[in-house]
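Some notes on the structure that comes next.
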Amino acid sequence: MDYFANVFLYAAGHFVLAFGLACLLLAVFKRLYQISTPYDEAKLIAAGNVAAAVALGGAIIGFALPLASALSETADPVEFTAWAVLAGVVQVLASLVVRRFVVRDMAERIEAGNIASGIYLAATSIGVGLLNAASMTY
């Protein structure tokens, strides 16, 4: 095998590991985020609740942004996982702050299908995710 094939195979192996780990962490985050909310996103989304879908979608994007940043900052799977855990904690805390202190009836609004509230929660998650991603430098 020539040099370029060897380099590609090494890089492809790293890609598979990094992408697979990122997908696994995203799935775990999604589930833990859903557990952290006082409403059942899966049930609400299945019933056509757009507010719940938008809010959960924003949380997923808000977590994926720092994952992407962490992937670009480190090649070490353990360090990447540590950054992902930190990002997940920040996302869940941001959602909790919004629901407990900023918009105290957010859960009821989401359950009622208030799309404006879903967009606000999603925008907060994405904004926090962007700041989270930008802060992952040293």
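Residues in the structure tokens are numbered from 1 in each chain, the chains being A, B, ... in the order shown, and ligands are numbered from 1 in the order shown.
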
Per-residue nearest contacts stretch 47-88 of chain A to stretch 99-113 of chain A, cut-off 8 Å, using only C-alpha atoms, as JSON lines:
{"residue": "A:Asn49", "atom": "CA", "partner": "A:Gly113", "partner_atom": "CA", "distance": 5.4}
{"residue": "A:Val50", "atom": "CA", "partner": "A:Gly113", "partner_atom": "CA", "distance": 6.3}
{"residue": "A:Ala51", "atom": "CA", "partner": "A:Gly113", "partner_atom": "CA", "distance": 5.0}
{"residue": "A:Ala52", "atom": "CA", "partner": "A:Ile110", "partner_atom": "CA", "distance": 5.7}

DSSP-assigned alpha helix (DSSP H) among stretch 11-48 of chain A, expressed as a PDB file with all heavy atoms, in the first residue's frame:
ATOM      1  N   ALA A  11      -6.613   7.994   8.978  1.00  0.00           N
ATOM      2  CA  ALA A  11      -7.562   9.095   9.187  1.00  0.00           C
ATOM      3  C   ALA A  11      -8.999   8.587   9.188  1.00  0.00           C
ATOM      4  O   ALA A  11      -9.829   9.049   9.977  1.00  0.00           O
ATOM      5  CB  ALA A  11      -7.366  10.165   8.110  1.00  0.00           C
ATOM      6  N   ALA A  12      -9.309   7.639   8.326  1.00  0.00           N
ATOM      7  CA  ALA A  12     -10.664   7.083   8.287  1.00  0.00           C
ATOM      8  C   ALA A  12     -10.984   6.363   9.589  1.00  0.00           C
ATOM      9  O   ALA A  12     -12.113   6.445  10.092  1.00  0.00           O
ATOM     10  CB  ALA A  12     -10.810   6.140   7.096  1.00  0.00           C
ATOM     11  N   GLY A  13     -10.013   5.668  10.150  1.00  0.00           N
ATOM     12  CA  GLY A  13     -10.216   5.018  11.445  1.00  0.00           C
ATOM     13  C   GLY A  13     -10.509   6.033  12.537  1.00  0.00           C
ATOM     14  O   GLY A  13     -11.405   5.839  13.368  1.00  0.00           O
ATOM     15  N   HIS A  14      -9.757   7.124  12.527  1.00  0.00           N
ATOM     16  CA  HIS A  14      -9.999   8.196  13.496  1.00  0.00           C
ATOM     17  C   HIS A  14     -11.390   8.802  13.284  1.00  0.00           C
ATOM     18  O   HIS A  14     -12.122   9.066  14.242  1.00  0.00           O
ATOM     19  CB  HIS A  14      -8.928   9.278  13.395  1.00  0.00           C
ATOM     20  CG  HIS A  14      -9.178  10.431  14.308  1.00  0.00           C
ATOM     21  ND1 HIS A  14      -8.983  10.359  15.667  1.00  0.00           N
ATOM     22  CD2 HIS A  14      -9.647  11.677  14.057  1.00  0.00           C
ATOM     23  CE1 HIS A  14      -9.336  11.517  16.214  1.00  0.00           C
ATOM     24  NE2 HIS A  14      -9.728  12.329  15.255  1.00  0.00           N
ATOM     25  N   PHE A  15     -11.772   9.003  12.029  1.00  0.00           N
ATOM     26  CA  PHE A  15     -13.095   9.536  11.710  1.00  0.00           C
ATOM     27  C   PHE A  15     -14.196   8.640  12.266  1.00  0.00           C
ATOM     28  O   PHE A  15     -15.132   9.104  12.911  1.00  0.00           O
ATOM     29  CB  PHE A  15     -13.265   9.691  10.195  1.00  0.00           C
ATOM     30  CG  PHE A  15     -14.693   9.918   9.786  1.00  0.00           C
ATOM     31  CD1 PHE A  15     -15.255  11.186   9.855  1.00  0.00           C
ATOM     32  CD2 PHE A  15     -15.487   8.862   9.355  1.00  0.00           C
ATOM     33  CE1 PHE A  15     -16.583  11.400   9.500  1.00  0.00           C
ATOM     34  CE2 PHE A  15     -16.808   9.063   8.995  1.00  0.00           C
ATOM     35  CZ  PHE A  15     -17.357  10.331   9.066  1.00  0.00           C
ATOM     36  N   VAL A  16     -14.084   7.352  12.005  1.00  0.00           N
ATOM     37  CA  VAL A  16     -15.111   6.408  12.466  1.00  0.00           C
ATOM     38  C   VAL A  16     -15.217   6.448  13.990  1.00  0.00           C
ATOM     39  O   VAL A  16     -16.319   6.495  14.544  1.00  0.00           O
ATOM     40  CB  VAL A  16     -14.816   4.976  11.954  1.00  0.00           C
ATOM     41  CG1 VAL A  16     -15.705   3.950  12.639  1.00  0.00           C
ATOM     42  CG2 VAL A  16     -14.988   4.920  10.442  1.00  0.00           C
ATOM     43  N   LEU A  17     -14.084   6.451  14.673  1.00  0.00           N
ATOM     44  CA  LEU A  17     -14.085   6.515  16.132  1.00  0.00           C
ATOM     45  C   LEU A  17     -14.701   7.824  16.625  1.00  0.00           C
ATOM     46  O   LEU A  17     -15.606   7.825  17.475  1.00  0.00           O
ATOM     47  CB  LEU A  17     -12.663   6.371  16.682  1.00  0.00           C
ATOM     48  CG  LEU A  17     -12.523   6.563  18.199  1.00  0.00           C
ATOM     49  CD1 LEU A  17     -13.274   5.467  18.945  1.00  0.00           C
ATOM     50  CD2 LEU A  17     -11.059   6.587  18.593  1.00  0.00           C
ATOM     51  N   ALA A  18     -14.248   8.948  16.075  1.00  0.00           N
ATOM     52  CA  ALA A  18     -14.732  10.254  16.524  1.00  0.00           C
ATOM     53  C   ALA A  18     -16.214  10.434  16.213  1.00  0.00           C
ATOM     54  O   ALA A  18     -17.000  10.858  17.077  1.00  0.00           O
ATOM     55  CB  ALA A  18     -13.907  11.369  15.870  1.00  0.00           C
ATOM     56  N   PHE A  19     -16.615  10.095  14.997  1.00  0.00           N
ATOM     57  CA  PHE A  19     -18.013  10.265  14.604  1.00  0.00           C
ATOM     58  C   PHE A  19     -18.915   9.333  15.404  1.00  0.00           C
ATOM     59  O   PHE A  19     -19.979   9.733  15.884  1.00  0.00           O
ATOM     60  CB  PHE A  19     -18.168  10.008  13.098  1.00  0.00           C
ATOM     61  CG  PHE A  19     -19.551  10.285  12.591  1.00  0.00           C
ATOM     62  CD1 PHE A  19     -20.012  11.589  12.456  1.00  0.00           C
ATOM     63  CD2 PHE A  19     -20.399   9.242  12.263  1.00  0.00           C
ATOM     64  CE1 PHE A  19     -21.289  11.852  11.990  1.00  0.00           C
ATOM     65  CE2 PHE A  19     -21.683   9.489  11.797  1.00  0.00           C
ATOM     66  CZ  PHE A  19     -22.130  10.795  11.665  1.00  0.00           C
ATOM     67  N   GLY A  20     -18.483   8.096  15.567  1.00  0.00           N
ATOM     68  CA  GLY A  20     -19.274   7.143  16.343  1.00  0.00           C
ATOM     69  C   GLY A  20     -19.435   7.572  17.785  1.00  0.00           C
ATOM     70  O   GLY A  20     -20.533   7.508  18.350  1.00  0.00           O
ATOM     71  N   LEU A  21     -18.342   8.014  18.401  1.00  0.00           N
ATOM     72  CA  LEU A  21     -18.398   8.482  19.784  1.00  0.00           C
ATOM     73  C   LEU A  21     -19.280   9.721  19.898  1.00  0.00           C
ATOM     74  O   LEU A  21     -20.079   9.840  20.829  1.00  0.00           O
ATOM     75  CB  LEU A  21     -16.983   8.768  20.302  1.00  0.00           C
ATOM     76  CG  LEU A  21     -16.855   9.188  21.761  1.00  0.00           C
ATOM     77  CD1 LEU A  21     -17.494   8.171  22.704  1.00  0.00           C
ATOM     78  CD2 LEU A  21     -15.377   9.394  22.108  1.00  0.00           C
ATOM     79  N   ALA A  22     -19.172  10.637  18.941  1.00  0.00           N
ATOM     80  CA  ALA A  22     -20.005  11.842  18.956  1.00  0.00           C
ATOM     81  C   ALA A  22     -21.482  11.486  18.826  1.00  0.00           C
ATOM     82  O   ALA A  22     -22.327  12.051  19.544  1.00  0.00           O
ATOM     83  CB  ALA A  22     -19.585  12.793  17.834  1.00  0.00           C
ATOM     84  N   CYS A  23     -21.813  10.547  17.952  1.00  0.00           N
ATOM     85  CA  CYS A  23     -23.218  10.128  17.794  1.00  0.00           C
ATOM     86  C   CYS A  23     -23.732   9.472  19.066  1.00  0.00           C
ATOM     87  O   CYS A  23     -24.871   9.730  19.489  1.00  0.00           O
ATOM     88  CB  CYS A  23     -23.358   9.180  16.610  1.00  0.00           C
ATOM     89  SG  CYS A  23     -23.193   9.995  15.010  1.00  0.00           S
ATOM     90  N   LEU A  24     -22.908   8.640  19.680  1.00  0.00           N
ATOM     91  CA  LEU A  24     -23.296   7.999  20.933  1.00  0.00           C
ATOM     92  C   LEU A  24     -23.536   9.044  22.025  1.00  0.00           C
ATOM     93  O   LEU A  24     -24.556   9.009  22.734  1.00  0.00           O
ATOM     94  CB  LEU A  24     -22.221   7.005  21.379  1.00  0.00           C
ATOM     95  CG  LEU A  24     -22.435   6.361  22.747  1.00  0.00           C
ATOM     96  CD1 LEU A  24     -23.659   5.453  22.726  1.00  0.00           C
ATOM     97  CD2 LEU A  24     -21.188   5.581  23.164  1.00  0.00           C
ATOM     98  N   LEU A  25     -22.627   9.992  22.154  1.00  0.00           N
ATOM     99  CA  LEU A  25     -22.773  11.046  23.164  1.00  0.00           C
ATOM    100  C   LEU A  25     -23.995  11.916  22.885  1.00  0.00           C
ATOM    101  O   LEU A  25     -24.690  12.328  23.824  1.00  0.00           O
ATOM    102  CB  LEU A  25     -21.501  11.889  23.238  1.00  0.00           C
ATOM    103  CG  LEU A  25     -20.301  11.170  23.847  1.00  0.00           C
ATOM    104  CD1 LEU A  25     -19.022  11.949  23.571  1.00  0.00           C
ATOM    105  CD2 LEU A  25     -20.495  10.929  25.322  1.00  0.00           C
ATOM    106  N   LEU A  26     -24.284  12.179  21.630  1.00  0.00           N
ATOM    107  CA  LEU A  26     -25.470  12.955  21.274  1.00  0.00           C
ATOM    108  C   LEU A  26     -26.736  12.208  21.676  1.00  0.00           C
ATOM    109  O   LEU A  26     -27.669  12.795  22.231  1.00  0.00           O
ATOM    110  CB  LEU A  26     -25.472  13.270  19.776  1.00  0.00           C
ATOM    111  CG  LEU A  26     -26.558  14.214  19.281  1.00  0.00           C
ATOM    112  CD1 LEU A  26     -26.413  15.592  19.902  1.00  0.00           C
ATOM    113  CD2 LEU A  26     -26.490  14.325  17.768  1.00  0.00           C
ATOM    114  N   ALA A  27     -26.768  10.912  21.426  1.00  0.00           N
ATOM    115  CA  ALA A  27     -27.928  10.105  21.802  1.00  0.00           C
ATOM    116  C   ALA A  27     -28.100  10.056  23.322  1.00  0.00           C
ATOM    117  O   ALA A  27     -29.220  10.181  23.833  1.00  0.00           O
ATOM    118  CB  ALA A  27     -27.798   8.690  21.238  1.00  0.00           C
ATOM    119  N   VAL A  28     -27.000   9.903  24.042  1.00  0.00           N
ATOM    120  CA  VAL A  28     -27.062   9.887  25.505  1.00  0.00           C
ATOM    121  C   VAL A  28     -27.535  11.243  26.021  1.00  0.00           C
ATOM    122  O   VAL A  28     -28.400  11.322  26.913  1.00  0.00           O
ATOM    123  CB  VAL A  28     -25.695   9.501  26.117  1.00  0.00           C
ATOM    124  CG1 VAL A  28     -25.666   9.739  27.617  1.00  0.00           C
ATOM    125  CG2 VAL A  28     -25.367   8.048  25.794  1.00  0.00           C
ATOM    126  N   PHE A  29     -26.986  12.326  25.460  1.00  0.00           N
ATOM    127  CA  PHE A  29     -27.420  13.659  25.878  1.00  0.00           C
ATOM    128  C   PHE A  29     -28.916  13.839  25.652  1.00  0.00           C
ATOM    129  O   PHE A  29     -29.631  14.322  26.530  1.00  0.00           O
ATOM    130  CB  PHE A  29     -26.662  14.763  25.130  1.00  0.00           C
ATOM    131  CG  PHE A  29     -27.306  16.106  25.307  1.00  0.00           C
ATOM    132  CD1 PHE A  29     -27.127  16.825  26.469  1.00  0.00           C
ATOM    133  CD2 PHE A  29     -28.134  16.628  24.324  1.00  0.00           C
ATOM    134  CE1 PHE A  29     -27.762  18.052  26.659  1.00  0.00           C
ATOM    135  CE2 PHE A  29     -28.770  17.842  24.501  1.00  0.00           C
ATOM    136  CZ  PHE A  29     -28.574  18.555  25.670  1.00  0.00           C
ATOM    137  N   LYS A  30     -29.383  13.460  24.466  1.00  0.00           N
ATOM    138  CA  LYS A  30     -30.798  13.625  24.140  1.00  0.00           C
ATOM    139  C   LYS A  30     -31.664  12.926  25.181  1.00  0.00           C
ATOM    140  O   LYS A  30     -32.634  13.491  25.676  1.00  0.00           O
ATOM    141  CB  LYS A  30     -31.099  13.092  22.744  1.00  0.00           C
ATOM    142  CG  LYS A  30     -32.552  13.196  22.341  1.00  0.00           C
ATOM    143  CD  LYS A  30     -32.761  12.536  20.973  1.00  0.00           C
ATOM    144  CE  LYS A  30     -34.203  12.230  20.716  1.00  0.00           C
ATOM    145  NZ  LYS A  30     -34.696  11.044  21.398  1.00  0.00           N
ATOM    146  N   ARG A  31     -31.290  11.716  25.526  1.00  0.00           N
ATOM    147  CA  ARG A  31     -32.079  10.969  26.511  1.00  0.00           C
ATOM    148  C   ARG A  31     -32.009  11.621  27.889  1.00  0.00           C
ATOM    149  O   ARG A  31     -33.036  11.766  28.567  1.00  0.00           O
ATOM    150  CB  ARG A  31     -31.588   9.516  26.568  1.00  0.00           C
ATOM    151  CG  ARG A  31     -32.403   8.663  27.475  1.00  0.00           C
ATOM    152  CD  ARG A  31     -33.829   8.489  26.914  1.00  0.00           C
ATOM    153  NE  ARG A  31     -34.662   7.911  27.938  1.00  0.00           N
ATOM    154  CZ  ARG A  31     -35.794   8.454  28.397  1.00  0.00           C
ATOM    155  NH1 ARG A  31     -36.258   9.571  27.908  1.00  0.00           N
ATOM    156  NH2 ARG A  31     -36.480   7.857  29.331  1.00  0.00           N
ATOM    157  N   LEU A  32     -30.820  12.012  28.323  1.00  0.00           N
ATOM    158  CA  LEU A  32     -30.683  12.646  29.635  1.00  0.00           C
ATOM    159  C   LEU A  32     -31.399  13.990  29.679  1.00  0.00           C
ATOM    160  O   LEU A  32     -32.005  14.348  30.702  1.00  0.00           O
ATOM    161  CB  LEU A  32     -29.210  12.798  30.008  1.00  0.00           C
ATOM    162  CG  LEU A  32     -28.462  11.492  30.279  1.00  0.00           C
ATOM    163  CD1 LEU A  32     -26.990  11.761  30.522  1.00  0.00           C
ATOM    164  CD2 LEU A  32     -29.090  10.733  31.436  1.00  0.00           C
ATOM    165  N   TYR A  33     -31.347  14.736  28.579  1.00  0.00           N
ATOM    166  CA  TYR A  33     -32.062  16.013  28.517  1.00  0.00           C
ATOM    167  C   TYR A  33     -33.557  15.759  28.672  1.00  0.00           C
ATOM    168  O   TYR A  33     -34.237  16.470  29.413  1.00  0.00           O
ATOM    169  CB  TYR A  33     -31.761  16.721  27.195  1.00  0.00           C
ATOM    170  CG  TYR A  33     -32.462  18.051  27.077  1.00  0.00           C
ATOM    171  CD1 TYR A  33     -31.883  19.201  27.594  1.00  0.00           C
ATOM    172  CD2 TYR A  33     -33.708  18.152  26.465  1.00  0.00           C
ATOM    173  CE1 TYR A  33     -32.524  20.426  27.507  1.00  0.00           C
ATOM    174  CE2 TYR A  33     -34.357  19.369  26.373  1.00  0.00           C
ATOM    175  CZ  TYR A  33     -33.763  20.503  26.897  1.00  0.00           C
ATOM    176  OH  TYR A  33     -34.414  21.706  26.813  1.00  0.00           O
ATOM    177  N   GLN A  34     -34.062  14.749  27.981  1.00  0.00           N
ATOM    178  CA  GLN A  34     -35.485  14.437  28.075  1.00  0.00           C
ATOM    179  C   GLN A  34     -35.869  14.030  29.497  1.00  0.00           C
ATOM    180  O   GLN A  34     -36.941  14.390  29.971  1.00  0.00           O
ATOM    181  CB  GLN A  34     -35.858  13.326  27.091  1.00  0.00           C
ATOM    182  CG  GLN A  34     -35.843  13.791  25.656  1.00  0.00           C
ATOM    183  CD  GLN A  34     -36.133  12.668  24.697  1.00  0.00           C
ATOM    184  OE1 GLN A  34     -35.302  11.784  24.495  1.00  0.00           O
ATOM    185  NE2 GLN A  34     -37.322  12.681  24.114  1.00  0.00           N
ATOM    186  N   ILE A  35     -35.006  13.320  30.170  1.00  0.00           N
ATOM    187  CA  ILE A  35     -35.270  12.945  31.560  1.00  0.00           C
ATOM    188  C   ILE A  35     -35.290  14.179  32.453  1.00  0.00           C
ATOM    189  O   ILE A  35     -36.056  14.247  33.426  1.00  0.00           O
ATOM    190  CB  ILE A  35     -34.217  11.923  32.045  1.00  0.00           C
ATOM    191  CG1 ILE A  35     -34.431  10.581  31.343  1.00  0.00           C
ATOM    192  CG2 ILE A  35     -34.267  11.748  33.566  1.00  0.00           C
ATOM    193  CD1 ILE A  35     -33.301   9.592  31.544  1.00  0.00           C
ATOM    194  N   SER A  36     -34.465  15.185  32.116  1.00  0.00           N
ATOM    195  CA  SER A  36     -34.357  16.381  32.956  1.00  0.00           C
ATOM    196  C   SER A  36     -35.545  17.329  32.837  1.00  0.00           C
ATOM    197  O   SER A  36     -35.703  18.221  33.663  1.00  0.00           O
ATOM    198  CB  SER A  36     -33.067  17.152  32.630  1.00  0.00           C
ATOM    199  OG  SER A  36     -33.210  17.922  31.442  1.00  0.00           O
ATOM    200  N   GLU A  41     -41.195  14.709  26.155  1.00  0.00           N
ATOM    201  CA  GLU A  41     -41.031  15.189  24.784  1.00  0.00           C
ATOM    202  C   GLU A  41     -41.494  14.172  23.757  1.00  0.00           C
ATOM    203  O   GLU A  41     -42.161  14.529  22.786  1.00  0.00           O
ATOM    204  CB  GLU A  41     -39.571  15.551  24.475  1.00  0.00           C
ATOM    205  CG  GLU A  41     -39.125  16.880  24.977  1.00  0.00           C
ATOM    206  CD  GLU A  41     -38.443  16.765  26.326  1.00  0.00           C
ATOM    207  OE1 GLU A  41     -38.538  15.706  26.964  1.00  0.00           O
ATOM    208  OE2 GLU A  41     -37.831  17.756  26.744  1.00  0.00           O
ATOM    209  N   ALA A  42     -41.143  12.920  23.954  1.00  0.00           N
ATOM    210  CA  ALA A  42     -41.503  11.893  22.968  1.00  0.00           C
ATOM    211  C   ALA A  42     -43.020  11.821  22.796  1.00  0.00           C
ATOM    212  O   ALA A  42     -43.522  11.779  21.668  1.00  0.00           O
ATOM    213  CB  ALA A  42     -40.941  10.540  23.385  1.00  0.00           C
ATOM    214  N   LYS A  43     -43.735  11.841  23.891  1.00  0.00           N
ATOM    215  CA  LYS A  43     -45.201  11.784  23.837  1.00  0.00           C
ATOM    216  C   LYS A  43     -45.767  13.048  23.188  1.00  0.00           C
ATOM    217  O   LYS A  43     -46.657  12.980  22.337  1.00  0.00           O
ATOM    218  CB  LYS A  43     -45.758  11.612  25.247  1.00  0.00           C
ATOM    219  CG  LYS A  43     -47.252  11.479  25.310  1.00  0.00           C
ATOM    220  CD  LYS A  43     -47.706  11.279  26.753  1.00  0.00           C
ATOM    221  CE  LYS A  43     -49.211  11.287  26.861  1.00  0.00           C
ATOM    222  NZ  LYS A  43     -49.645  11.182  28.258  1.00  0.00           N
ATOM    223  N   LEU A  44     -45.237  14.206  23.590  1.00  0.00           N
ATOM    224  CA  LEU A  44     -45.719  15.469  23.030  1.00  0.00           C
ATOM    225  C   LEU A  44     -45.436  15.558  21.532  1.00  0.00           C
ATOM    226  O   LEU A  44     -46.294  15.980  20.752  1.00  0.00           O
ATOM    227  CB  LEU A  44     -45.092  16.653  23.769  1.00  0.00           C
ATOM    228  CG  LEU A  44     -45.513  16.839  25.223  1.00  0.00           C
ATOM    229  CD1 LEU A  44     -44.662  17.918  25.900  1.00  0.00           C
ATOM    230  CD2 LEU A  44     -46.987  17.192  25.320  1.00  0.00           C
ATOM    231  N   ILE A  45     -44.245  15.162  21.136  1.00  0.00           N
ATOM    232  CA  ILE A  45     -43.873  15.223  19.715  1.00  0.00           C
ATOM    233  C   ILE A  45     -44.717  14.249  18.911  1.00  0.00           C
ATOM    234  O   ILE A  45     -45.196  14.577  17.815  1.00  0.00           O
ATOM    235  CB  ILE A  45     -42.361  14.982  19.533  1.00  0.00           C
ATOM    236  CG1 ILE A  45     -41.572  16.166  20.132  1.00  0.00           C
ATOM    237  CG2 ILE A  45     -42.004  14.790  18.056  1.00  0.00           C
ATOM    238  CD1 ILE A  45     -40.087  15.913  20.285  1.00  0.00           C
ATOM    239  N   ALA A  46     -44.935  13.052  19.452  1.00  0.00           N
ATOM    240  CA  ALA A  46     -45.777  12.073  18.761  1.00  0.00           C
ATOM    241  C   ALA A  46     -47.194  12.599  18.574  1.00  0.00           C
ATOM    242  O   ALA A  46     -47.861  12.267  17.586  1.00  0.00           O
ATOM    243  CB  ALA A  46     -45.802  10.760  19.538  1.00  0.00           C
TER     244      ALA A  46
END

Close residues, stretch 67-76 of chain A itself excluded, 7 Å, only C-alpha atoms, min 3 positions apart in chain, as a PyMOL selection string: chain A and resi 22+63-64+79-80+83-84+133+136

Distance query stretch 58-60 of chain A at most 9 Å, only C-alpha atoms, self and fewer than 3 positions along chain excluded, as a short mmCIF file (atom, residue, chain, number, x, y, z; two decimals) with all heavy atoms, in the first residue's frame:
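This went into around02.cif:
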data_model
loop_
_atom_site.label_atom_id
_atom_site.label_comp_id
_atom_site.auth_asym_id
_atom_site.auth_seq_id
_atom_site.Cartn_x
_atom_site.Cartn_y
_atom_site.Cartn_z
N LEU A 26 -24.28 12.18 21.63
CA LEU A 26 -25.47 12.95 21.27
C LEU A 26 -26.74 12.21 21.68
O LEU A 26 -27.67 12.80 22.23
CB LEU A 26 -25.47 13.27 19.78
CG LEU A 26 -26.56 14.21 19.28
CD1 LEU A 26 -26.41 15.59 19.90
CD2 LEU A 26 -26.49 14.32 17.77
N PHE A 29 -26.99 12.33 25.46
CA PHE A 29 -27.42 13.66 25.88
C PHE A 29 -28.92 13.84 25.65
O PHE A 29 -29.63 14.32 26.53
CB PHE A 29 -26.66 14.76 25.13
CG PHE A 29 -27.31 16.11 25.31
CD1 PHE A 29 -27.13 16.83 26.47
CD2 PHE A 29 -28.13 16.63 24.32
CE1 PHE A 29 -27.76 18.05 26.66
CE2 PHE A 29 -28.77 17.84 24.50
CZ PHE A 29 -28.57 18.55 25.67
N LYS A 30 -29.38 13.46 24.47
CA LYS A 30 -30.80 13.62 24.14
C LYS A 30 -31.66 12.93 25.18
O LYS A 30 -32.63 13.49 25.68
CB LYS A 30 -31.10 13.09 22.74
CG LYS A 30 -32.55 13.20 22.34
CD LYS A 30 -32.76 12.54 20.97
CE LYS A 30 -34.20 12.23 20.72
NZ LYS A 30 -34.70 11.04 21.40
N TYR A 33 -31.35 14.74 28.58
CA TYR A 33 -32.06 16.01 28.52
C TYR A 33 -33.56 15.76 28.67
O TYR A 33 -34.24 16.47 29.41
CB TYR A 33 -31.76 16.72 27.19
CG TYR A 33 -32.46 18.05 27.08
CD1 TYR A 33 -31.88 19.20 27.59
CD2 TYR A 33 -33.71 18.15 26.47
CE1 TYR A 33 -32.52 20.43 27.51
CE2 TYR A 33 -34.36 19.37 26.37
CZ TYR A 33 -33.76 20.50 26.90
OH TYR A 33 -34.41 21.71 26.81
N ALA A 53 -41.12 19.85 19.93
CA ALA A 53 -40.15 19.44 18.91
C ALA A 53 -39.09 20.52 18.68
O ALA A 53 -37.90 20.22 18.57
CB ALA A 53 -40.87 19.13 17.59
N VAL A 54 -39.52 21.77 18.63
CA VAL A 54 -38.58 22.87 18.43
C VAL A 54 -37.63 22.99 19.63
O VAL A 54 -36.42 23.16 19.47
CB VAL A 54 -39.32 24.19 18.17
CG1 VAL A 54 -38.40 25.39 18.22
CG2 VAL A 54 -40.05 24.14 16.83
N ALA A 55 -38.19 22.90 20.83
CA ALA A 55 -37.36 23.02 22.04
C ALA A 55 -36.33 21.90 22.10
O ALA A 55 -35.14 22.14 22.37
CB ALA A 55 -38.24 23.01 23.28
N PHE A 63 -26.23 21.19 21.82
CA PHE A 63 -25.21 20.25 22.29
C PHE A 63 -24.26 19.85 21.16
O PHE A 63 -23.06 19.68 21.39
CB PHE A 63 -25.88 19.00 22.87
CG PHE A 63 -24.91 17.99 23.41
CD1 PHE A 63 -24.17 18.27 24.54
CD2 PHE A 63 -24.76 16.77 22.79
CE1 PHE A 63 -23.27 17.33 25.06
CE2 PHE A 63 -23.86 15.82 23.29
CZ PHE A 63 -23.12 16.11 24.44
N ALA A 64 -24.77 19.74 19.95
CA ALA A 64 -23.92 19.33 18.82
C ALA A 64 -22.86 20.39 18.51
O ALA A 64 -21.76 20.04 18.07
CB ALA A 64 -24.78 19.07 17.59
N LEU A 65 -23.17 21.66 18.73
CA LEU A 65 -22.20 22.71 18.46
C LEU A 65 -20.92 22.56 19.29
O LEU A 65 -19.82 22.57 18.73
CB LEU A 65 -22.84 24.09 18.67
CG LEU A 65 -23.87 24.50 17.63
CD1 LEU A 65 -24.70 25.68 18.12
CD2 LEU A 65 -23.19 24.82 16.31
N GLN A 91 -25.74 22.60 29.10
CA GLN A 91 -27.02 22.67 28.38
C GLN A 91 -28.20 22.37 29.30
O GLN A 91 -29.21 23.08 29.27
CB GLN A 91 -27.04 21.69 27.20
CG GLN A 91 -26.31 22.17 25.99
CD GLN A 91 -26.96 23.39 25.37
OE1 GLN A 91 -28.16 23.59 25.41
NE2 GLN A 91 -26.14 24.24 24.78
N VAL A 92 -28.08 21.33 30.10
CA VAL A 92 -29.18 20.98 31.01
C VAL A 92 -29.38 22.09 32.04
O VAL A 92 -30.52 22.46 32.35
CB VAL A 92 -28.91 19.61 31.68
CG1 VAL A 92 -29.89 19.34 32.81
CG2 VAL A 92 -28.98 18.49 30.64
N SER A 95 -31.22 25.05 30.46
CA SER A 95 -32.65 24.75 30.32
C SER A 95 -33.35 24.86 31.68
O SER A 95 -34.45 25.42 31.79
CB SER A 95 -32.83 23.34 29.75
OG SER A 95 -34.18 22.98 29.75
N GLY A 118 -41.41 27.49 22.68
CA GLY A 118 -40.51 26.47 22.16
C GLY A 118 -39.34 27.09 21.41
O GLY A 118 -38.19 26.66 21.56
N ILE A 119 -39.63 28.12 20.64
CA ILE A 119 -38.57 28.82 19.90
C ILE A 119 -37.62 29.53 20.87
O ILE A 119 -36.41 29.49 20.69
CB ILE A 119 -39.18 29.80 18.88
CG1 ILE A 119 -39.88 29.03 17.76
CG2 ILE A 119 -38.11 30.74 18.32
CD1 ILE A 119 -40.72 29.89 16.84
N LEU A 121 -36.95 28.69 23.99
CA LEU A 121 -36.13 27.68 24.66
C LEU A 121 -35.07 27.13 23.70
O LEU A 121 -33.91 26.95 24.08
CB LEU A 121 -37.02 26.56 25.19
CG LEU A 121 -36.38 25.56 26.14
CD1 LEU A 121 -35.71 26.24 27.33
CD2 LEU A 121 -37.44 24.57 26.64
N ALA A 122 -35.45 26.90 22.45
CA ALA A 122 -34.49 26.42 21.45
C ALA A 122 -33.39 27.46 21.20
O ALA A 122 -32.21 27.11 21.13
CB ALA A 122 -35.21 26.11 20.14
N ALA A 123 -33.78 28.73 21.08
CA ALA A 123 -32.79 29.79 20.84
C ALA A 123 -31.82 29.90 22.01
O ALA A 123 -30.62 30.10 21.81
CB ALA A 123 -33.50 31.12 20.60
N THR A 124 -32.34 29.74 23.22
CA THR A 124 -31.47 29.77 24.39
C THR A 124 -30.47 28.62 24.34
O THR A 124 -29.27 28.80 24.57
CB THR A 124 -32.30 29.71 25.69
OG1 THR A 124 -33.18 30.84 25.73
CG2 THR A 124 -31.42 29.70 26.92
N SER A 125 -30.96 27.42 24.02
CA SER A 125 -30.08 26.25 23.93
C SER A 125 -29.02 26.44 22.86
O SER A 125 -27.85 26.10 23.07
CB SER A 125 -30.89 25.00 23.63
OG SER A 125 -31.75 24.67 24.69
N ILE A 126 -29.41 26.94 21.71
CA ILE A 126 -28.45 27.15 20.63
C ILE A 126 -27.45 28.25 20.99
O ILE A 126 -26.25 28.10 20.75
CB ILE A 126 -29.18 27.46 19.30
CG1 ILE A 126 -29.97 26.22 18.86
CG2 ILE A 126 -28.20 27.89 18.21
CD1 ILE A 126 -30.96 26.48 17.73
N GLY A 129 -25.11 26.87 23.43
CA GLY A 129 -24.23 25.94 22.73
C GLY A 129 -23.13 26.66 21.95
O GLY A 129 -21.98 26.21 21.94
#

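One finds atom CA of A:Ser135 at 8.7 Å from atom CA of A:Pro66.
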
Coordinates-based distance that separates atom CA of A:Pro77 from atom CA of A:Val89 (Å, one decimal):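 About the pair atom CA of A:Val89 and atom CA of A:Pro77: they are 18.3 Å apart.
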
Option closest in space to A:Tyr120, from A:Ala5, A:Gly57, A:Pro38, A:Asn132 [counting only C-alpha atoms]: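 Among the listed residues, A:Gly57 lies closest to A:Tyr120.
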
Within 8 Å of A:Val90 using only C-alpha atoms, minus same-chain residues under 4 positions, as a PyMOL selection string: chain A and resi 86+94+128+132
